[in-house]
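Peer 1: File query_14.csv follows (CSV, C-alpha atoms and all ligand atoms):
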chain,number,residue,atom,x,y,z
A,1,MET,CA,61.7,93.0,123.3
A,2,ARG,CA,59.8,90.4,125.2
A,3,LYS,CA,61.0,89.0,128.5
A,4,GLU,CA,61.0,85.5,127.1
A,5,ASP,CA,63.2,86.5,124.2
A,6,ILE,CA,65.6,88.3,126.5
A,7,LEU,CA,65.9,85.3,128.7
A,8,LYS,CA,66.4,83.1,125.7
A,9,SER,CA,69.4,85.2,124.6
A,10,LEU,CA,70.7,85.3,128.1
A,11,GLU,CA,70.8,81.5,128.2
A,12,LYS,CA,73.6,81.6,125.7
A,13,VAL,CA,75.7,84.0,127.7
A,14,LYS,CA,78.4,82.4,129.8
A,15,TYR,CA,79.7,83.7,133.2
A,16,PRO,CA,83.1,85.3,132.6
A,17,GLY,CA,85.8,82.6,132.6
A,18,LEU,CA,83.3,79.8,133.2
A,19,ASP,CA,81.7,77.4,130.8
A,20,ARG,CA,78.2,77.8,132.4
A,21,SER,CA,75.4,80.0,131.3
A,22,ILE,CA,74.4,82.9,133.6
A,23,VAL,CA,70.8,81.6,133.5
A,24,ASP,CA,72.1,78.2,134.6
A,25,LEU,CA,74.0,79.8,137.5
A,26,LYS,CA,70.9,81.7,138.6
A,27,ILE,CA,72.6,85.0,138.3
A,28,ILE,CA,69.6,86.7,136.7
A,29,LYS,CA,67.7,88.3,139.5
A,30,SER,CA,64.9,89.9,137.4
A,31,ILE,CA,64.0,91.2,134.0
A,32,GLU,CA,61.7,94.2,134.2
A,33,GLU,CA,60.7,97.2,132.2
A,34,GLU,CA,61.0,100.8,133.0
A,35,ASN,CA,59.8,103.5,130.5
A,36,LYS,CA,59.8,100.8,127.8
A,37,LYS,CA,63.4,99.9,128.5
A,38,PRO,CA,64.2,96.4,129.7
A,39,ILE,CA,66.2,96.3,133.0
A,40,ILE,CA,68.2,93.2,133.6
A,41,THR,CA,69.2,92.9,137.3
A,42,LEU,CA,72.1,90.5,138.0
A,43,SER,CA,72.8,89.0,141.4
A,44,MET,CA,76.6,88.9,141.6
A,45,GLN,CA,79.2,89.2,144.3
A,46,ASN,CA,82.3,89.6,142.0
A,47,ASP,CA,82.9,93.2,140.9
A,48,GLU,CA,85.3,92.3,138.1
A,49,ALA,CA,83.0,89.7,136.6
A,50,PHE,CA,80.0,92.0,136.9
A,51,GLN,CA,81.8,94.7,134.8
A,52,VAL,CA,82.8,92.2,132.1
A,53,LEU,CA,79.2,90.8,131.9
A,54,GLN,CA,77.6,94.3,131.9
A,55,LYS,CA,79.7,95.3,128.9
A,56,SER,CA,79.0,92.1,127.0
A,57,LEU,CA,75.3,92.2,127.7
A,58,GLN,CA,75.1,95.8,126.5
A,59,ASP,CA,76.8,94.8,123.3
A,60,LEU,CA,74.6,91.8,122.9
A,61,PHE,CA,71.4,93.9,123.1
A,62,ASP,CA,72.9,96.9,121.2
A,63,ASN,CA,72.5,99.0,124.3
A,64,ASP,CA,68.7,98.6,124.3
A,65,VAL,CA,68.8,97.3,127.8
A,66,GLU,CA,70.0,98.5,131.1
A,67,ILE,CA,72.1,96.2,133.2
A,68,ARG,CA,71.9,96.6,137.0
A,69,ARG,CA,73.3,94.8,139.9
A,70,GLU,CA,71.2,93.7,142.8
A,71,ALA,CA,71.8,96.3,145.4
A,72,SER,CA,72.7,94.1,148.4
A,73,MET,CA,75.4,92.4,146.3
A,74,GLN,CA,77.4,95.7,146.2
A,75,LYS,CA,77.9,95.7,149.9
A,76,LYS,CA,79.8,92.5,150.4
A,77,SER,CA,80.5,93.2,153.9
A,78,ILE,CA,76.9,93.0,155.0
A,79,ASN,CA,75.6,90.5,152.5
A,80,TYR,CA,77.3,87.2,152.6
A,81,GLY,CA,74.7,85.1,150.8
A,82,ASP,CA,73.1,82.2,152.4
A,83,THR,CA,75.9,81.0,154.6
A,84,ALA,CA,73.5,80.2,157.5
A,85,ASN,CA,72.0,77.3,155.4
A,86,PRO,CA,74.9,76.1,153.3
A,87,ASN,CA,74.6,73.5,150.6
A,88,ASN,CA,76.6,70.3,151.2
A,89,ARG,CA,79.0,69.5,148.4
A,90,ALA,CA,80.8,67.1,150.6
A,91,PRO,CA,78.3,64.7,152.0
A,92,TYR,CA,81.0,62.1,152.3
A,93,ALA,CA,82.7,64.0,155.1
A,94,LYS,CA,81.3,63.9,158.6
A,95,ARG,CA,83.1,67.1,159.5
A,96,VAL,CA,84.8,69.8,157.6
A,97,ILE,CA,87.7,71.8,159.0
A,98,ALA,CA,88.7,74.9,157.1
A,99,VAL,CA,92.2,76.1,157.9
A,100,THR,CA,92.7,79.7,157.0
A,101,SER,CA,94.8,82.8,157.7
A,102,GLY,CA,94.8,86.5,157.3
A,103,LYS,CA,97.9,86.5,155.1
A,104,GLY,CA,100.1,84.0,153.3
A,105,GLY,CA,103.4,82.6,154.7
A,106,VAL,CA,102.2,82.2,158.3
A,107,GLY,CA,102.1,78.4,158.3
A,108,LYS,CA,98.6,77.6,157.2
A,109,SER,CA,99.7,74.7,154.9
A,110,THR,CA,102.1,73.4,157.5
A,111,VAL,CA,99.3,73.4,160.1
A,112,SER,CA,96.8,71.8,157.7
A,113,VAL,CA,99.2,69.0,156.8
A,114,ASN,CA,100.2,68.2,160.4
A,115,LEU,CA,96.8,68.6,161.8
A,116,SER,CA,95.5,66.2,159.2
A,117,VAL,CA,98.2,63.6,160.0
A,118,ALA,CA,97.6,64.1,163.7
A,119,LEU,CA,93.9,63.3,163.3
A,120,ALA,CA,94.8,60.2,161.2
A,121,GLN,CA,97.2,59.1,163.9
A,122,LYS,CA,94.3,59.1,166.2
A,123,GLY,CA,92.5,56.7,163.9
A,124,PHE,CA,90.2,59.1,162.0
A,125,LYS,CA,89.7,58.8,158.3
A,126,VAL,CA,91.1,62.1,157.0
A,127,GLY,CA,91.1,63.8,153.6
A,128,LEU,CA,93.2,67.0,153.0
A,129,LEU,CA,92.1,69.3,150.2
A,130,ASP,CA,94.6,71.9,149.2
A,131,ALA,CA,92.3,74.7,148.1
A,132,ASP,CA,95.0,77.4,148.1
A,133,VAL,CA,94.8,78.4,144.5
A,134,TYR,CA,97.4,81.1,145.1
A,135,GLY,CA,100.0,78.8,146.7
A,136,PRO,CA,99.2,75.1,146.6
A,137,ASN,CA,102.1,73.7,148.7
A,138,VAL,CA,100.5,70.6,150.1
A,139,PRO,CA,101.9,68.3,147.4
A,140,ARG,CA,105.4,69.2,148.3
A,141,MET,CA,104.8,69.0,152.0
A,142,THR,CA,103.4,65.5,151.6
A,143,GLN,CA,105.7,64.2,148.9
A,144,THR,CA,102.8,63.9,146.4
A,145,ALA,CA,104.0,66.7,144.0
A,146,ASP,CA,105.0,64.2,141.3
A,147,GLU,CA,101.6,62.7,141.1
A,148,LYS,CA,99.3,63.3,138.2
A,149,LEU,CA,95.6,63.6,138.2
A,150,ARG,CA,94.0,60.2,137.8
A,151,TRP,CA,90.4,59.2,137.3
A,152,ASN,CA,88.7,56.0,138.3
A,153,ASP,CA,86.0,54.2,136.3
A,154,ASN,CA,83.3,56.4,137.7
A,155,ASN,CA,85.0,59.5,136.4
A,156,LYS,CA,86.1,60.5,139.9
A,157,ILE,CA,89.5,61.9,140.7
A,158,ILE,CA,91.6,59.5,142.8
A,159,PRO,CA,93.3,61.3,145.7
A,160,SER,CA,96.9,60.7,146.5
A,161,GLU,CA,97.7,59.0,149.8
A,162,ASN,CA,100.6,59.4,152.2
A,163,PHE,CA,101.1,59.5,156.0
A,164,GLY,CA,97.7,57.9,156.5
A,165,ILE,CA,95.7,60.7,154.8
A,166,LYS,CA,94.1,61.2,151.4
A,167,ILE,CA,95.4,64.2,149.6
A,168,MET,CA,94.1,66.3,146.7
A,169,SER,CA,95.5,69.6,145.6
A,170,VAL,CA,94.4,72.2,143.1
A,171,GLY,CA,98.2,72.3,142.3
A,172,LEU,CA,97.9,69.0,140.5
A,173,THR,CA,95.7,70.6,137.9
A,174,THR,CA,98.8,72.4,136.4
A,175,PRO,CA,101.3,70.7,134.2
A,176,SER,CA,104.2,71.4,136.5
A,177,SER,CA,104.7,72.8,139.9
A,178,ASP,CA,105.9,76.2,138.7
A,179,THR,CA,103.0,76.8,136.4
A,180,PRO,CA,100.9,79.5,138.0
A,181,LEU,CA,97.2,79.0,138.4
A,182,VAL,CA,96.0,82.0,136.5
A,183,TRP,CA,92.4,81.8,137.6
A,184,ARG,CA,90.0,84.6,138.1
A,185,SER,CA,88.3,84.2,141.4
A,186,SER,CA,85.1,83.1,139.7
A,187,VAL,CA,86.9,80.3,138.0
A,188,ALA,CA,88.8,79.3,141.1
A,189,VAL,CA,85.5,79.1,142.9
A,190,SER,CA,83.9,76.8,140.3
A,191,ALA,CA,87.1,74.6,140.2
A,192,LEU,CA,87.0,74.2,143.9
A,193,ILE,CA,83.4,73.2,143.9
A,194,GLN,CA,84.2,70.6,141.3
A,195,PHE,CA,87.0,69.3,143.4
A,196,LEU,CA,84.7,68.9,146.3
A,197,GLU,CA,82.3,66.9,144.3
A,198,ASP,CA,84.6,65.0,141.9
A,199,VAL,CA,87.3,63.6,144.2
A,200,ASP,CA,86.7,60.0,145.3
A,201,TRP,CA,87.5,60.5,149.0
A,202,GLY,CA,85.3,57.6,150.2
A,203,GLU,CA,83.9,58.1,153.6
A,204,LEU,CA,85.8,60.6,155.7
A,205,ASP,CA,85.6,61.5,159.4
A,206,PHE,CA,87.4,64.8,158.6
A,207,LEU,CA,87.8,66.8,155.4
A,208,VAL,CA,90.5,69.3,156.2
A,209,ILE,CA,90.7,72.2,153.7
A,210,ASP,CA,93.8,74.3,153.3
A,211,MET,CA,92.1,77.5,152.2
A,212,PRO,CA,93.6,80.5,150.4
A,213,PRO,CA,94.6,83.3,152.7
A,214,GLY,CA,92.4,86.3,153.2
A,215,THR,CA,88.7,87.0,153.1
A,216,GLY,CA,87.6,86.8,149.5
A,217,ASP,CA,85.2,85.1,147.2
A,218,ILE,CA,86.6,81.7,147.8
A,219,GLN,CA,86.1,81.7,151.5
A,220,LEU,CA,82.7,83.0,151.0
A,221,THR,CA,81.7,80.4,148.5
A,222,MET,CA,83.2,77.6,150.5
A,223,ALA,CA,81.0,78.7,153.5
A,224,GLN,CA,78.0,78.7,151.2
A,225,GLU,CA,78.7,75.3,149.7
A,226,LEU,CA,79.8,73.4,152.7
A,227,PRO,CA,78.6,73.0,156.3
A,228,ILE,CA,82.0,73.9,157.9
A,229,THR,CA,82.2,72.3,161.3
A,230,ALA,CA,85.1,74.5,162.4
A,231,GLY,CA,87.4,77.2,161.1
A,232,VAL,CA,91.0,77.0,162.3
A,233,ILE,CA,92.8,80.2,162.0
A,234,VAL,CA,96.6,80.4,161.8
A,235,THR,CA,98.5,83.5,162.6
A,236,THR,CA,102.0,84.6,163.6
A,237,PRO,CA,102.3,86.9,166.7
A,238,GLN,CA,103.3,90.2,165.1
A,239,PRO,CA,100.7,93.1,164.9
A,240,VAL,CA,100.5,93.3,161.1
A,241,ALA,CA,99.6,89.6,161.0
A,242,LEU,CA,97.1,90.0,163.8
A,243,ASP,CA,95.4,92.9,162.0
A,244,ASP,CA,94.8,90.6,159.0
A,245,VAL,CA,93.7,87.7,161.1
A,246,SER,CA,91.2,89.8,162.9
A,247,ARG,CA,89.5,90.4,159.5
A,248,ALA,CA,89.4,86.7,158.9
A,249,ILE,CA,87.9,86.1,162.3
A,250,MET,CA,85.2,88.7,161.7
A,251,MET,CA,84.4,87.2,158.3
A,252,PHE,CA,83.9,83.7,159.8
A,253,LYS,CA,81.7,85.2,162.5
A,254,ASP,CA,79.7,87.2,160.0
A,255,ILE,CA,79.1,84.2,157.8
A,256,ASN,CA,78.2,81.9,160.7
A,257,VAL,CA,81.2,79.6,160.4
A,258,PRO,CA,82.0,78.2,163.9
A,259,ILE,CA,85.6,79.0,164.8
A,260,GLY,CA,87.4,76.0,166.2
A,261,GLY,CA,90.2,78.2,167.4
A,262,LEU,CA,93.4,80.1,166.7
A,263,VAL,CA,96.9,78.6,166.3
A,264,GLU,CA,99.9,80.9,166.9
A,265,ASN,CA,102.7,79.7,164.6
A,266,MET,CA,106.3,80.8,164.7
A,267,SER,CA,105.6,81.9,168.2
A,268,PHE,CA,109.1,82.0,169.6
A,269,PHE,CA,112.6,80.7,168.7
A,270,ILE,CA,114.9,78.7,171.0
A,271,ALA,CA,118.5,79.0,169.8
A,272,PRO,CA,119.7,75.5,169.3
A,273,ASP,CA,123.2,76.3,170.6
A,274,THR,CA,122.5,78.5,173.6
A,275,LYS,CA,118.9,77.4,174.3
A,276,LYS,CA,118.1,81.1,174.7
A,277,ARG,CA,114.5,82.0,173.8
A,278,TYR,CA,113.8,84.9,171.4
A,279,ASP,CA,110.3,86.3,170.8
A,280,ILE,CA,111.1,87.3,167.2
A,281,PHE,CA,107.6,88.4,166.3
A,282,GLY,CA,106.6,89.6,169.8
A,283,LYS,CA,104.9,87.8,172.6
A,284,GLY,CA,101.3,86.9,173.6
A,285,GLY,CA,99.6,88.4,170.5
A,286,GLY,CA,97.8,85.3,169.4
A,287,GLU,CA,96.4,84.6,172.9
A,288,ALA,CA,95.3,88.2,173.2
A,289,THR,CA,93.6,88.1,169.9
A,290,ALA,CA,91.8,84.8,170.7
A,291,LYS,CA,90.6,86.4,174.0
A,292,LYS,CA,89.5,89.6,172.2
A,293,TYR,CA,87.3,87.7,169.8
A,294,ASP,CA,86.3,85.1,172.3
A,295,ILE,CA,87.6,82.1,170.4
A,296,PRO,CA,89.6,79.1,171.7
A,297,PHE,CA,93.4,79.3,171.6
A,298,LEU,CA,94.6,76.0,170.3
A,299,GLY,CA,98.3,76.4,170.9
A,300,LYS,CA,101.7,77.7,169.9
A,301,ILE,CA,104.3,76.3,167.6
A,302,PRO,CA,107.8,77.7,167.8
A,303,LEU,CA,109.9,78.9,164.8
A,304,ASP,CA,111.9,75.8,164.4
A,305,MET,CA,114.4,75.2,161.6
A,306,GLN,CA,113.7,71.5,161.5
A,307,ILE,CA,109.9,72.1,161.1
A,308,ARG,CA,110.8,74.0,157.9
A,309,GLU,CA,113.2,71.3,156.7
A,310,PHE,CA,110.8,68.5,157.4
A,311,SER,CA,108.1,70.4,155.5
A,312,ASP,CA,110.2,71.1,152.5
A,313,GLU,CA,111.3,67.5,152.4
A,314,GLY,CA,107.7,66.4,152.5
A,315,THR,CA,108.0,64.6,155.8
A,316,PRO,CA,105.5,66.2,158.2
A,317,PRO,CA,107.1,66.9,161.6
A,318,VAL,CA,104.1,65.3,163.4
A,319,ALA,CA,105.0,62.0,161.7
A,320,MET,CA,108.8,62.2,161.4
A,321,GLY,CA,109.9,64.8,164.1
A,322,ASP,CA,110.9,64.4,167.7
A,323,LYS,CA,108.5,64.1,170.5
A,324,LEU,CA,108.4,67.8,171.2
A,325,GLN,CA,107.6,68.6,167.5
A,326,LYS,CA,104.9,65.9,167.4
A,327,ASP,CA,103.3,67.1,170.5
A,328,TYR,CA,102.9,70.7,169.2
A,329,TYR,CA,100.5,69.4,166.5
A,330,ARG,CA,98.9,66.6,168.5
A,331,ASN,CA,98.0,69.0,171.3
A,332,ILE,CA,96.4,71.3,168.8
A,333,ALA,CA,94.4,68.4,167.4
A,334,ASP,CA,93.3,67.4,170.9
A,335,LYS,CA,92.2,70.9,171.7
A,336,LEU,CA,90.3,71.2,168.4
A,337,LEU,CA,88.6,67.8,169.0
A,338,ALA,CA,87.6,68.9,172.4
A,339,GLN,CA,85.7,71.8,170.7
A,340,ILE,CA,83.9,69.7,168.1
A,341,LEU,CA,83.4,66.1,169.2
B,401,LIG,N1,106.8,76.6,163.0
B,401,LIG,C1,107.6,76.8,161.9
B,401,LIG,N2,108.9,76.9,162.0
B,401,LIG,C2,109.7,77.1,160.9
B,401,LIG,N3,109.3,77.2,159.7
B,401,LIG,C3,108.0,77.1,159.5
B,401,LIG,C4,107.0,76.9,160.6
B,401,LIG,N4,105.8,76.9,160.1
B,401,LIG,C5,105.9,77.0,158.8
B,401,LIG,N5,107.2,77.2,158.4
B,401,LIG,C6,107.7,77.4,157.1
B,401,LIG,O1,107.3,78.7,156.7
B,401,LIG,C7,107.0,78.7,155.3
B,401,LIG,C8,105.5,79.1,155.1
B,401,LIG,O2,104.7,78.1,155.7
B,401,LIG,P1,103.4,77.6,155.0
B,401,LIG,O3,102.7,76.6,155.8
B,401,LIG,O4,103.7,77.3,153.5
B,401,LIG,O5,102.5,79.0,155.1
B,401,LIG,P2,101.1,79.4,154.3
B,401,LIG,O6,100.4,78.2,153.9
B,401,LIG,O7,100.4,80.2,155.4
B,401,LIG,O8,101.5,80.3,153.2
B,401,LIG,C9,107.2,77.2,154.8
B,401,LIG,O9,108.5,77.2,154.2
B,401,LIG,C10,107.2,76.4,156.1
B,401,LIG,O10,108.1,75.3,156.0
B,402,MG,MG,100.1,77.5,151.9
Hey, can you dump this file as structure tokens for me?
Peer 2:
Amino acid sequence: MRKEDILKSLEKVKYPGLDRSIVDLKIIKSIEEENKKPIITLSMQNDEAFQVLQKSLQDLFDNDVEIRREASMQKKSINYGDTANPNNRAPYAKRVIAVTSGKGGVGKSTVSVNLSVALAQKGFKVGLLDADVYGPNVPRMTQTADEKLRWNDNNKIIPSENFGIKIMSVGLTTPSSDTPLVWRSSVAVSALIQFLEDVDWGELDFLVIDMPPGTGDIQLTMAQELPITAGVIVTTPQPVALDDVSRAIMMFKDINVPIGGLVENMSFFIAPDTKKRYDIFGKGGGEATAKKYDIPFLGKIPLDMQIREFSDEGTPPVAMGDKLQKDYYRNIADKLLAQIL
């Protein structure tokens, strides 16, 4: 088989779950020959997709080829791709803030929404992209869950607007809010990139991204495709959450994403009747973690029943809460701005 013929056949092969050819996606690292047998080397991060592709290529060429994977790609922890010189899929945004966490349920979306609104209250133009493919909650938290995807004449998606911010969520791509997004990570990644490019945000001072939790392909790709101005990391104070958040911090550091700081959510609880303070998840863990990794500590938000109620009702506490509640988020926004302006 000639190299050109192999390449021609490969052009018709699609990346698992995507409608793009693997040649198009520049996944073919090399086509060489060893002892008369062609060796196709693929440059892929995603283990699952590699195995699928390996099998389908072997079938395609009747096992007359060997499919290998570029060695550096197998050690994800030390090869994060070209995150030092990311592409810019969001040239419309002056600054990109990626809100992330080690695990789900710690308040990442609540912080994303209220931080975005706090920035808008200061007069900035803010877009909030809900990129949490596993739990897109931003629509509910901003009362935009009933909206449908709409396109303008230029084939761009029109973002929703509420509380002075523009909002777009991957959750709006499903027919109803309880339809799960059953995306492979490779598909999620490509859908997110499309979102970045296809939403008509206009000019933004800040694009805030509510990222999926953890340290996976999506975080990695976002860091490759966007010049992230600052990562904001949300955690709760208990040790199991802090273990996970440490991994998120290490990943950001490894992939050269500047860390704007750490937010400790659900820090403490003041009983509304007795005013007694309870440190339900322990005390001081967030500050200690920030110190350990030498990143700014942006502030604490207590566990507050009203914050939960406001969020479920789609009325962000920074807009509709009392002064104390507003100040938690405004102070975090101020500290973050002090880092990046
Ligand atoms: N400070 C807080 N006090 C009380 N409830 C909160 C607080 N922060 C978040 N919540 C609630 O906790 C749940 C999880 O928060 P969410 O922001 O959705 O987390 P994540 O995005 O990390 O999964 C939501 O119901 C939210 O309303
Ligand atoms: Mg969330």
Peer 1: Measuring between all atoms listed in the file, which one of A:Val99, A:Met211, A:Ile67, A:Ala90 shows the shortest distance to Asp132 in chain A?
Peer 2: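 Going through A:Val99, A:Met211, A:Ile67, A:Ala90 one by one, the smallest distance to Asp132 in chain A is for A:Met211.
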Peer 1: Sorted by chain and rising residue number, list the residues of chain A at most 12 Å from ligand MG 402 (chain B) (counting only C-alpha atoms and all ligand atoms), each with its closest atom pair and distance in Å to one decimal, as CSV.
Peer 2:
residue,atom,partner,partner_atom,distance
A:Val99,CA,B:MG402,MG,10.0
A:Thr100,CA,B:MG402,MG,9.3
A:Ser101,CA,B:MG402,MG,9.5
A:Gly102,CA,B:MG402,MG,11.8
A:Lys103,CA,B:MG402,MG,9.8
A:Gly104,CA,B:MG402,MG,6.6
A:Gly105,CA,B:MG402,MG,6.7
A:Val106,CA,B:MG402,MG,8.2
A:Gly107,CA,B:MG402,MG,6.8
A:Lys108,CA,B:MG402,MG,5.5
A:Ser109,CA,B:MG402,MG,4.1
A:Thr110,CA,B:MG402,MG,7.2
A:Val111,CA,B:MG402,MG,9.2
A:Ser112,CA,B:MG402,MG,8.8
A:Val113,CA,B:MG402,MG,9.9
A:Leu129,CA,B:MG402,MG,11.6
A:Asp130,CA,B:MG402,MG,8.3
A:Ala131,CA,B:MG402,MG,9.1
A:Asp132,CA,B:MG402,MG,6.4
A:Val133,CA,B:MG402,MG,9.1
A:Tyr134,CA,B:MG402,MG,8.2
A:Gly135,CA,B:MG402,MG,5.4
A:Pro136,CA,B:MG402,MG,5.9
A:Asn137,CA,B:MG402,MG,5.4
A:Val138,CA,B:MG402,MG,7.1
A:Pro139,CA,B:MG402,MG,10.4
A:Arg140,CA,B:MG402,MG,10.5
A:Met141,CA,B:MG402,MG,9.7
A:Ser169,CA,B:MG402,MG,11.1
A:Val170,CA,B:MG402,MG,11.7
A:Gly171,CA,B:MG402,MG,11.1
A:Ile209,CA,B:MG402,MG,10.9
A:Asp210,CA,B:MG402,MG,7.2
A:Met211,CA,B:MG402,MG,8.0
A:Pro212,CA,B:MG402,MG,7.3
A:Pro213,CA,B:MG402,MG,8.0
A:Gly214,CA,B:MG402,MG,11.8
A:Val234,CA,B:MG402,MG,10.9
A:Ser311,CA,B:MG402,MG,11.3
A:Asp312,CA,B:MG402,MG,12.0
Peer 1: Counting only C-alpha atoms, figure out which residue out of A:Asn35, A:Ser267, A:Asn88, A:Gln224 gets nearest to Glu66 in chain A.
Peer 2: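 So, comparing all the options, the nearest one is A:Asn35.
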Peer 1: So, counting all atoms listed in the file, which residue among A:Val96, A:Ile255, A:Met1, A:Ala248 is closest to Thr229 in chain A?
Peer 2: A:Val96
Peer 1: So how far away is CA of Ala118 in chain A from CA of Val318 in chain A, in Å?
Peer 2: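 CA of Val318 in chain A sits 6.6 Å away from CA of Ala118 in chain A.
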Peer 1: Which residues are near Gln339 in chain A? Cut-off 7 Å, only C-alpha atoms, ignore same chain within fewer than 3 positions. Put them as a count of residues only.
Peer 2: 3
Peer 1: Hey, can you check how far CA of Gly127 in chain A sits from CA of Arg247 in chain A?
Peer 2: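 Taking CA of Gly127 in chain A as the start and CA of Arg247 in chain A as the end point, the length is 27.3 Å.
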